[in-house]
file work25.txt (compact mmCIF, N, CA and C atoms)
# COMPACT_ATOMS: atom_id res chain seq x y z
N GLN A 1 0.84 -1.19 0.00
CA GLN A 1 0.00 0.00 0.00
C GLN A 1 0.89 1.24 0.00
N VAL A 2 0.66 2.10 -0.99
CA VAL A 2 1.44 3.32 -1.10
C VAL A 2 0.96 4.35 -0.08
N GLN A 3 1.90 4.93 0.64
CA GLN A 3 1.55 5.98 1.60
C GLN A 3 2.61 7.06 1.61
N LEU A 4 2.15 8.30 1.75
CA LEU A 4 2.99 9.45 2.04
C LEU A 4 2.34 10.16 3.22
N VAL A 5 3.06 10.28 4.31
CA VAL A 5 2.50 10.86 5.52
C VAL A 5 3.37 12.02 5.99
N GLU A 6 2.79 13.22 5.92
CA GLU A 6 3.51 14.41 6.34
C GLU A 6 3.35 14.64 7.84
N SER A 7 4.34 15.30 8.41
CA SER A 7 4.29 15.69 9.82
C SER A 7 5.20 16.90 10.02
N GLY A 8 5.07 17.52 11.19
CA GLY A 8 5.96 18.62 11.54
C GLY A 8 5.36 20.01 11.41
N GLY A 9 4.15 20.10 10.91
CA GLY A 9 3.51 21.41 10.80
C GLY A 9 3.11 21.95 12.16
N GLY A 10 2.67 23.21 12.15
CA GLY A 10 2.25 23.82 13.40
C GLY A 10 2.18 25.32 13.30
N LEU A 11 2.07 25.96 14.45
CA LEU A 11 2.01 27.42 14.53
C LEU A 11 3.39 27.95 14.92
N VAL A 12 3.87 28.92 14.18
CA VAL A 12 5.20 29.49 14.44
C VAL A 12 5.13 30.99 14.22
N GLN A 13 5.94 31.73 14.95
CA GLN A 13 5.98 33.18 14.78
C GLN A 13 6.80 33.55 13.55
N PRO A 14 6.53 34.70 12.98
CA PRO A 14 7.35 35.17 11.85
C PRO A 14 8.83 35.19 12.25
N GLY A 15 9.67 34.73 11.32
CA GLY A 15 11.09 34.61 11.59
C GLY A 15 11.51 33.28 12.17
N GLY A 16 10.53 32.48 12.54
CA GLY A 16 10.82 31.18 13.13
C GLY A 16 11.11 30.11 12.09
N SER A 17 11.31 28.89 12.59
CA SER A 17 11.66 27.76 11.74
C SER A 17 10.78 26.56 12.03
N LEU A 18 10.60 25.74 11.02
CA LEU A 18 9.93 24.45 11.15
C LEU A 18 10.62 23.47 10.22
N ARG A 19 10.56 22.20 10.59
CA ARG A 19 11.05 21.14 9.71
C ARG A 19 9.91 20.17 9.45
N LEU A 20 9.52 20.08 8.19
CA LEU A 20 8.49 19.14 7.79
C LEU A 20 9.13 17.82 7.38
N SER A 21 8.42 16.75 7.66
CA SER A 21 8.87 15.42 7.27
C SER A 21 7.77 14.74 6.47
N CYS A 22 8.17 13.85 5.59
CA CYS A 22 7.22 13.06 4.81
C CYS A 22 7.75 11.63 4.78
N ALA A 23 6.99 10.73 5.39
CA ALA A 23 7.37 9.33 5.44
C ALA A 23 6.71 8.58 4.29
N ALA A 24 7.53 7.93 3.49
CA ALA A 24 7.04 7.20 2.32
C ALA A 24 7.07 5.70 2.57
N SER A 25 6.13 4.99 1.96
CA SER A 25 6.12 3.54 2.05
C SER A 25 5.35 2.97 0.87
N GLY A 26 5.66 1.73 0.53
CA GLY A 26 4.89 1.02 -0.48
C GLY A 26 5.34 1.22 -1.92
N PHE A 27 6.44 1.94 -2.13
CA PHE A 27 6.95 2.13 -3.48
C PHE A 27 8.45 2.39 -3.41
N ALA A 28 9.10 2.35 -4.57
CA ALA A 28 10.56 2.49 -4.65
C ALA A 28 10.95 3.96 -4.52
N PHE A 29 10.94 4.45 -3.31
CA PHE A 29 11.13 5.87 -3.01
C PHE A 29 12.37 6.45 -3.69
N SER A 30 13.45 5.75 -3.68
CA SER A 30 14.71 6.30 -4.20
C SER A 30 14.67 6.55 -5.70
N SER A 31 13.74 5.94 -6.39
CA SER A 31 13.66 6.10 -7.85
C SER A 31 12.78 7.27 -8.27
N TYR A 32 12.10 7.85 -7.32
CA TYR A 32 11.10 8.87 -7.62
C TYR A 32 11.66 10.28 -7.44
N THR A 33 11.12 11.20 -8.22
CA THR A 33 11.28 12.62 -7.95
C THR A 33 10.25 13.00 -6.90
N VAL A 34 10.69 13.70 -5.87
CA VAL A 34 9.79 14.05 -4.79
C VAL A 34 9.79 15.57 -4.58
N SER A 35 8.63 16.06 -4.19
CA SER A 35 8.44 17.51 -4.11
C SER A 35 7.60 17.87 -2.90
N TRP A 36 7.71 19.13 -2.52
CA TRP A 36 6.80 19.74 -1.57
C TRP A 36 5.96 20.78 -2.33
N TYR A 37 4.67 20.73 -2.08
CA TYR A 37 3.74 21.73 -2.58
C TYR A 37 3.05 22.37 -1.39
N ARG A 38 2.41 23.50 -1.64
CA ARG A 38 1.60 24.11 -0.59
C ARG A 38 0.36 24.75 -1.20
N GLN A 39 -0.65 24.86 -0.37
CA GLN A 39 -1.90 25.46 -0.82
C GLN A 39 -2.47 26.31 0.30
N ALA A 40 -2.56 27.62 0.03
CA ALA A 40 -3.15 28.55 0.97
C ALA A 40 -4.65 28.65 0.68
N PRO A 41 -5.43 29.06 1.68
CA PRO A 41 -6.87 29.20 1.47
C PRO A 41 -7.17 30.11 0.29
N GLY A 42 -8.04 29.64 -0.61
CA GLY A 42 -8.43 30.44 -1.76
C GLY A 42 -7.41 30.51 -2.86
N SER A 43 -6.33 29.75 -2.74
CA SER A 43 -5.27 29.78 -3.74
C SER A 43 -5.06 28.40 -4.35
N GLN A 44 -4.41 28.39 -5.50
CA GLN A 44 -4.08 27.11 -6.12
C GLN A 44 -2.87 26.49 -5.42
N ARG A 45 -2.79 25.19 -5.53
CA ARG A 45 -1.62 24.50 -5.00
C ARG A 45 -0.40 24.89 -5.81
N GLU A 46 0.68 25.21 -5.12
CA GLU A 46 1.89 25.65 -5.81
C GLU A 46 3.09 24.81 -5.41
N LEU A 47 4.01 24.68 -6.35
CA LEU A 47 5.24 23.93 -6.10
C LEU A 47 6.18 24.77 -5.25
N VAL A 48 6.71 24.15 -4.20
CA VAL A 48 7.64 24.82 -3.31
C VAL A 48 9.08 24.40 -3.61
N ALA A 49 9.30 23.09 -3.67
CA ALA A 49 10.67 22.60 -3.88
C ALA A 49 10.60 21.17 -4.40
N THR A 50 11.62 20.82 -5.18
CA THR A 50 11.71 19.48 -5.76
C THR A 50 13.12 18.95 -5.59
N ILE A 51 13.22 17.65 -5.38
CA ILE A 51 14.52 16.98 -5.37
C ILE A 51 14.41 15.74 -6.24
N SER A 52 15.32 15.62 -7.18
CA SER A 52 15.28 14.49 -8.11
C SER A 52 15.86 13.24 -7.45
N ARG A 53 15.75 12.14 -8.16
CA ARG A 53 16.30 10.89 -7.62
C ARG A 53 17.81 10.98 -7.46
N LEU A 54 18.43 11.88 -8.23
CA LEU A 54 19.88 12.06 -8.14
C LEU A 54 20.27 13.13 -7.13
N GLY A 55 19.27 13.79 -6.54
CA GLY A 55 19.57 14.78 -5.52
C GLY A 55 19.63 16.21 -6.01
N ASN A 56 19.28 16.45 -7.27
CA ASN A 56 19.24 17.82 -7.77
C ASN A 56 18.00 18.52 -7.23
N THR A 57 18.17 19.77 -6.83
CA THR A 57 17.08 20.50 -6.18
C THR A 57 16.68 21.74 -6.96
N ASN A 58 15.41 22.09 -6.82
CA ASN A 58 14.88 23.32 -7.39
C ASN A 58 13.88 23.91 -6.39
N TYR A 59 13.82 25.24 -6.38
CA TYR A 59 12.97 25.94 -5.42
C TYR A 59 12.15 27.03 -6.11
N ALA A 60 10.97 27.28 -5.55
CA ALA A 60 10.21 28.45 -5.97
C ALA A 60 10.98 29.70 -5.55
N ASP A 61 10.87 30.74 -6.35
CA ASP A 61 11.61 31.97 -6.04
C ASP A 61 11.25 32.51 -4.65
N SER A 62 10.01 32.31 -4.26
CA SER A 62 9.54 32.86 -2.99
C SER A 62 10.19 32.22 -1.77
N VAL A 63 10.81 31.05 -1.94
CA VAL A 63 11.39 30.36 -0.78
C VAL A 63 12.90 30.18 -0.90
N LYS A 64 13.48 30.56 -2.02
CA LYS A 64 14.92 30.39 -2.21
C LYS A 64 15.70 31.10 -1.11
N GLY A 65 16.68 30.40 -0.57
CA GLY A 65 17.49 30.96 0.50
C GLY A 65 16.90 30.80 1.88
N ARG A 66 15.64 30.37 1.96
CA ARG A 66 14.98 30.18 3.26
C ARG A 66 14.63 28.71 3.51
N PHE A 67 14.26 27.99 2.46
CA PHE A 67 13.84 26.60 2.59
C PHE A 67 14.89 25.68 1.99
N THR A 68 15.01 24.49 2.57
CA THR A 68 15.92 23.47 2.05
C THR A 68 15.20 22.14 2.00
N ILE A 69 15.18 21.54 0.82
CA ILE A 69 14.59 20.21 0.65
C ILE A 69 15.71 19.18 0.70
N SER A 70 15.42 18.05 1.34
CA SER A 70 16.39 16.97 1.41
C SER A 70 15.65 15.65 1.56
N LYS A 71 16.38 14.57 1.36
CA LYS A 71 15.77 13.26 1.51
C LYS A 71 16.78 12.26 2.04
N ASP A 72 16.27 11.23 2.64
CA ASP A 72 17.09 10.12 3.11
C ASP A 72 16.49 8.85 2.52
N ASN A 73 17.09 8.37 1.45
CA ASN A 73 16.54 7.20 0.76
C ASN A 73 16.54 5.96 1.66
N SER A 74 17.52 5.86 2.53
CA SER A 74 17.60 4.67 3.40
C SER A 74 16.45 4.63 4.39
N LYS A 75 15.91 5.79 4.71
CA LYS A 75 14.80 5.86 5.67
C LYS A 75 13.46 6.13 4.99
N PHE A 76 13.47 6.26 3.67
CA PHE A 76 12.24 6.57 2.92
C PHE A 76 11.62 7.87 3.44
N MET A 77 12.46 8.87 3.63
CA MET A 77 12.00 10.12 4.21
C MET A 77 12.35 11.31 3.32
N LEU A 78 11.43 12.26 3.27
CA LEU A 78 11.61 13.54 2.60
C LEU A 78 11.45 14.62 3.66
N TYR A 79 12.27 15.68 3.54
CA TYR A 79 12.24 16.76 4.53
C TYR A 79 12.14 18.12 3.86
N LEU A 80 11.64 19.08 4.62
CA LEU A 80 11.67 20.47 4.19
C LEU A 80 12.01 21.31 5.40
N GLN A 81 13.22 21.85 5.43
CA GLN A 81 13.63 22.76 6.48
C GLN A 81 13.22 24.16 6.07
N MET A 82 12.42 24.80 6.91
CA MET A 82 11.89 26.13 6.59
C MET A 82 12.39 27.11 7.64
N ASN A 83 13.16 28.08 7.20
CA ASN A 83 13.72 29.11 8.09
C ASN A 83 13.17 30.48 7.71
N ASN A 84 13.28 31.40 8.64
CA ASN A 84 12.83 32.77 8.41
C ASN A 84 11.41 32.80 7.82
N LEU A 85 10.53 32.09 8.48
CA LEU A 85 9.16 31.95 7.97
C LEU A 85 8.42 33.28 7.99
N LYS A 86 7.57 33.45 7.00
CA LYS A 86 6.79 34.66 6.83
C LYS A 86 5.30 34.32 6.87
N PRO A 87 4.44 35.28 7.20
CA PRO A 87 3.00 35.00 7.22
C PRO A 87 2.50 34.45 5.88
N GLU A 88 3.10 34.86 4.79
CA GLU A 88 2.66 34.37 3.48
C GLU A 88 3.07 32.93 3.22
N ASP A 89 3.83 32.33 4.12
CA ASP A 89 4.14 30.91 4.01
C ASP A 89 3.04 30.04 4.61
N THR A 90 2.05 30.66 5.23
CA THR A 90 0.94 29.92 5.80
C THR A 90 0.18 29.15 4.73
N ALA A 91 0.06 27.85 4.93
CA ALA A 91 -0.59 26.98 3.94
C ALA A 91 -0.60 25.56 4.47
N VAL A 92 -1.32 24.72 3.75
CA VAL A 92 -1.19 23.28 3.95
C VAL A 92 -0.09 22.81 3.02
N TYR A 93 0.87 22.08 3.58
CA TYR A 93 2.02 21.60 2.82
C TYR A 93 1.84 20.11 2.53
N TYR A 94 2.07 19.76 1.27
CA TYR A 94 1.91 18.39 0.80
C TYR A 94 3.21 17.87 0.21
N CYS A 95 3.47 16.60 0.40
CA CYS A 95 4.55 15.98 -0.34
C CYS A 95 3.96 15.17 -1.49
N LYS A 96 4.76 15.10 -2.54
CA LYS A 96 4.34 14.42 -3.77
C LYS A 96 5.51 13.62 -4.30
N ALA A 97 5.22 12.42 -4.76
CA ALA A 97 6.24 11.59 -5.41
C ALA A 97 5.73 11.20 -6.78
N PHE A 98 6.60 11.29 -7.78
CA PHE A 98 6.15 10.89 -9.11
C PHE A 98 7.28 10.25 -9.91
N LEU A 99 6.87 9.32 -10.75
CA LEU A 99 7.76 8.63 -11.67
C LEU A 99 6.91 8.16 -12.84
N LEU A 100 7.16 8.73 -13.99
CA LEU A 100 6.37 8.43 -15.19
C LEU A 100 4.89 8.69 -14.87
N SER A 101 4.04 7.69 -14.96
CA SER A 101 2.61 7.92 -14.74
C SER A 101 2.18 7.69 -13.30
N ASN A 102 3.12 7.34 -12.46
CA ASN A 102 2.80 7.11 -11.04
C ASN A 102 2.96 8.41 -10.27
N VAL A 103 1.87 8.86 -9.67
CA VAL A 103 1.88 10.10 -8.89
C VAL A 103 1.19 9.84 -7.55
N TYR A 104 1.90 10.14 -6.48
CA TYR A 104 1.36 9.91 -5.14
C TYR A 104 1.43 11.20 -4.34
N TRP A 105 0.37 11.43 -3.55
CA TRP A 105 0.28 12.62 -2.69
C TRP A 105 0.06 12.22 -1.25
N GLY A 106 0.57 13.03 -0.36
CA GLY A 106 0.25 12.89 1.05
C GLY A 106 -1.01 13.66 1.38
N GLN A 107 -1.40 13.60 2.65
CA GLN A 107 -2.66 14.22 3.07
C GLN A 107 -2.48 15.67 3.51
N GLY A 108 -1.24 16.09 3.70
CA GLY A 108 -0.94 17.48 4.02
C GLY A 108 -0.75 17.73 5.51
N THR A 109 0.01 18.79 5.80
CA THR A 109 0.21 19.24 7.17
C THR A 109 0.11 20.76 7.19
N GLN A 110 -0.58 21.30 8.17
CA GLN A 110 -0.84 22.73 8.23
C GLN A 110 0.34 23.48 8.83
N VAL A 111 0.76 24.53 8.15
CA VAL A 111 1.76 25.45 8.68
C VAL A 111 1.13 26.83 8.79
N THR A 112 1.16 27.38 9.97
CA THR A 112 0.60 28.71 10.20
C THR A 112 1.69 29.61 10.78
N VAL A 113 1.93 30.72 10.11
CA VAL A 113 2.95 31.67 10.55
C VAL A 113 2.22 32.94 11.00
N SER A 114 2.24 33.17 12.29
CA SER A 114 1.47 34.29 12.84
C SER A 114 2.03 34.69 14.19
N SER A 115 1.94 35.98 14.49
CA SER A 115 2.35 36.45 15.80
C SER A 115 1.15 36.51 16.74

call {"tool": "encode", "arguments": {"input": "work25.txt", "output": "structure tokens"}}
result
Amino acid sequence: QVQLVESGGGLVQPGGSLRLSCAASGFAFSSYTVSWYRQAPGSQRELVATISRLGNTNYADSVKGRFTISKDNSKFMLYLQMNNLKPEDTAVYYCKAFLLSNVYWGQGTQVTVSS
């Protein structure tokens, strides 16, 4: 059974940090490109960061220099380190894994940045 389970979200003050985790199971995690997306209320889901199976990374301009995506293939884990958080980072964050026609999504974790 394929599963992606996010964790680590919560309420944080502006300027604070959070580390999101995504636990994968049921598929060949190391072969997949994996990404973090986010969706704020009333907005479309947007790509935040991607890491390829070879470890190449890409980031949305809005998070460059503040967020870091990483993965541990041995643990089937994907991470997103988020620093210097801003109120506009408030959203539900989702992890996604894809390879050819196989696309898997997690259920999301809420991140709220507010004083």

call {"tool": "select_by_dssp", "arguments": {"input": "work25.txt", "residues": "chain A", "states": "strand (DSSP E or B)", "output": "number ranges by chain"}}
result
A: 3-7, 10-12, 18-25, 33-39, 46-51, 57-59, 67-72, 77-82, 91-99, 102-105, 109-113

call {"tool": "closest_residue", "arguments": {"input": "work25.txt", "among": "A:Ser25, A:Asn83, A:Tyr94, A:Tyr32", "to": "Val48 of chain A", "atoms": "only C-alpha atoms"}}
result
A:Tyr94

call {"tool": "closest_residue", "arguments": {"input": "work25.txt", "among": "A:Met77, A:Ile69, A:Val63, A:Leu11", "to": "Ala24 of chain A", "atoms": "all atoms listed in the file"}}
result
A:Met77

call {"tool": "residues_near_point", "arguments": {"input": "work25.txt", "point": "(2.5, 23.0, 13.1)", "cutoff": "6 Å", "atoms": "only N, CA and C atoms", "output": "ChimeraX atom specification"}}
result
/A:8-11,110-112

call {"tool": "residues_around", "arguments": {"input": "work25.txt", "residues": "Phe27 of chain A", "least_positions_apart": "6", "cutoff": "8 Å", "atoms": "only N, CA and C atoms", "output": "PyMOL selection string"}}
result
chain A and resi 1-3

call {"tool": "write_last_selection", "arguments": {"input": "work25.txt", "atoms": "N, CA and C atoms", "output": "mmCIF file, in the frame of the given file"}}
result
data_model
loop_
_atom_site.group_PDB
_atom_site.id
_atom_site.type_symbol
_atom_site.label_atom_id
_atom_site.label_comp_id
_atom_site.auth_asym_id
_atom_site.auth_seq_id
_atom_site.Cartn_x
_atom_site.Cartn_y
_atom_site.Cartn_z
ATOM 1 N N GLN A 1 0.840 -1.190 0.000
ATOM 2 C CA GLN A 1 0.000 0.000 0.000
ATOM 3 C C GLN A 1 0.890 1.240 0.000
ATOM 4 N N VAL A 2 0.660 2.100 -0.990
ATOM 5 C CA VAL A 2 1.440 3.320 -1.100
ATOM 6 C C VAL A 2 0.960 4.350 -0.080
ATOM 7 N N GLN A 3 1.900 4.930 0.640
ATOM 8 C CA GLN A 3 1.550 5.980 1.600
ATOM 9 C C GLN A 3 2.610 7.060 1.610
#

call {"tool": "atom_distance", "arguments": {"input": "work25.txt", "atom1": "atom CA of Met82 of chain A", "atom2": "atom CA of Gly16 of chain A"}}
result
8.3 Å

call {"tool": "residues_near_point", "arguments": {"input": "work25.txt", "point": "(1.2, 35.7, 4.9)", "cutoff": "9 Å", "atoms": "only C-alpha atoms", "output": "VMD selection string"}}
result
chain A and resid 86 to 91 112 to 114

call {"tool": "closest_residue", "arguments": {"input": "work25.txt", "among": "A:Thr50, A:Ser30, A:Ser115, A:Gln107", "to": "Phe76 of chain A", "atoms": "all atoms listed in the file"}}
result
A:Ser30

call {"tool": "residues_around", "arguments": {"input": "work25.txt", "residues": "Leu47 of chain A", "least_positions_apart": "6", "cutoff": "6 Å", "atoms": "all atoms listed in the file", "output": "PDB file with N, CA and C atoms, keeping the file's coordinate frame"}}
result
ATOM      1  N   TRP A  36       7.710  19.130  -2.520  1.00  0.00           N
ATOM      2  CA  TRP A  36       6.800  19.740  -1.570  1.00  0.00           C
ATOM      3  C   TRP A  36       5.960  20.780  -2.330  1.00  0.00           C
ATOM      4  N   TYR A  37       4.670  20.730  -2.080  1.00  0.00           N
ATOM      5  CA  TYR A  37       3.740  21.730  -2.580  1.00  0.00           C
ATOM      6  C   TYR A  37       3.050  22.370  -1.390  1.00  0.00           C
ATOM      7  N   ARG A  38       2.410  23.500  -1.640  1.00  0.00           N
ATOM      8  CA  ARG A  38       1.600  24.110  -0.590  1.00  0.00           C
ATOM      9  C   ARG A  38       0.360  24.750  -1.200  1.00  0.00           C
ATOM     10  N   ALA A  60      10.970  27.280  -5.550  1.00  0.00           N
ATOM     11  CA  ALA A  60      10.210  28.450  -5.970  1.00  0.00           C
ATOM     12  C   ALA A  60      10.980  29.700  -5.550  1.00  0.00           C
TER      13      ALA A  60
END

call {"tool": "closest_residue", "arguments": {"input": "work25.txt", "among": "A:Ser21, A:Ser101, A:Asn56, A:Thr33", "to": "Ser7 of chain A", "atoms": "only C-alpha atoms"}}
result
A:Ser21

call {"tool": "closest_residue", "arguments": {"input": "work25.txt", "among": "A:Asn84, A:Ser62, A:Asn73, A:Gln13", "to": "Val34 of chain A", "atoms": "only C-alpha atoms"}}
result
A:Asn73

call {"tool": "atom_distance", "arguments": {"input": "work25.txt", "atom1": "atom CA of Ser52 of chain A", "atom2": "atom CA of Ala97 of chain A"}}
result
9.9 Å

call {"tool": "closest_residue", "arguments": {"input": "work25.txt", "among": "A:Ser17, A:Ser74, A:Gln39, A:Thr57", "to": "Tyr93 of chain A", "atoms": "only N, CA and C atoms"}}
result
A:Gln39

call {"tool": "select_by_dssp", "arguments": {"input": "work25.txt", "residues": "chain A", "states": "helix (DSSP H, G or I)", "output": "ChimeraX atom specification"}}
result
/A:29-31,73-75,87-89
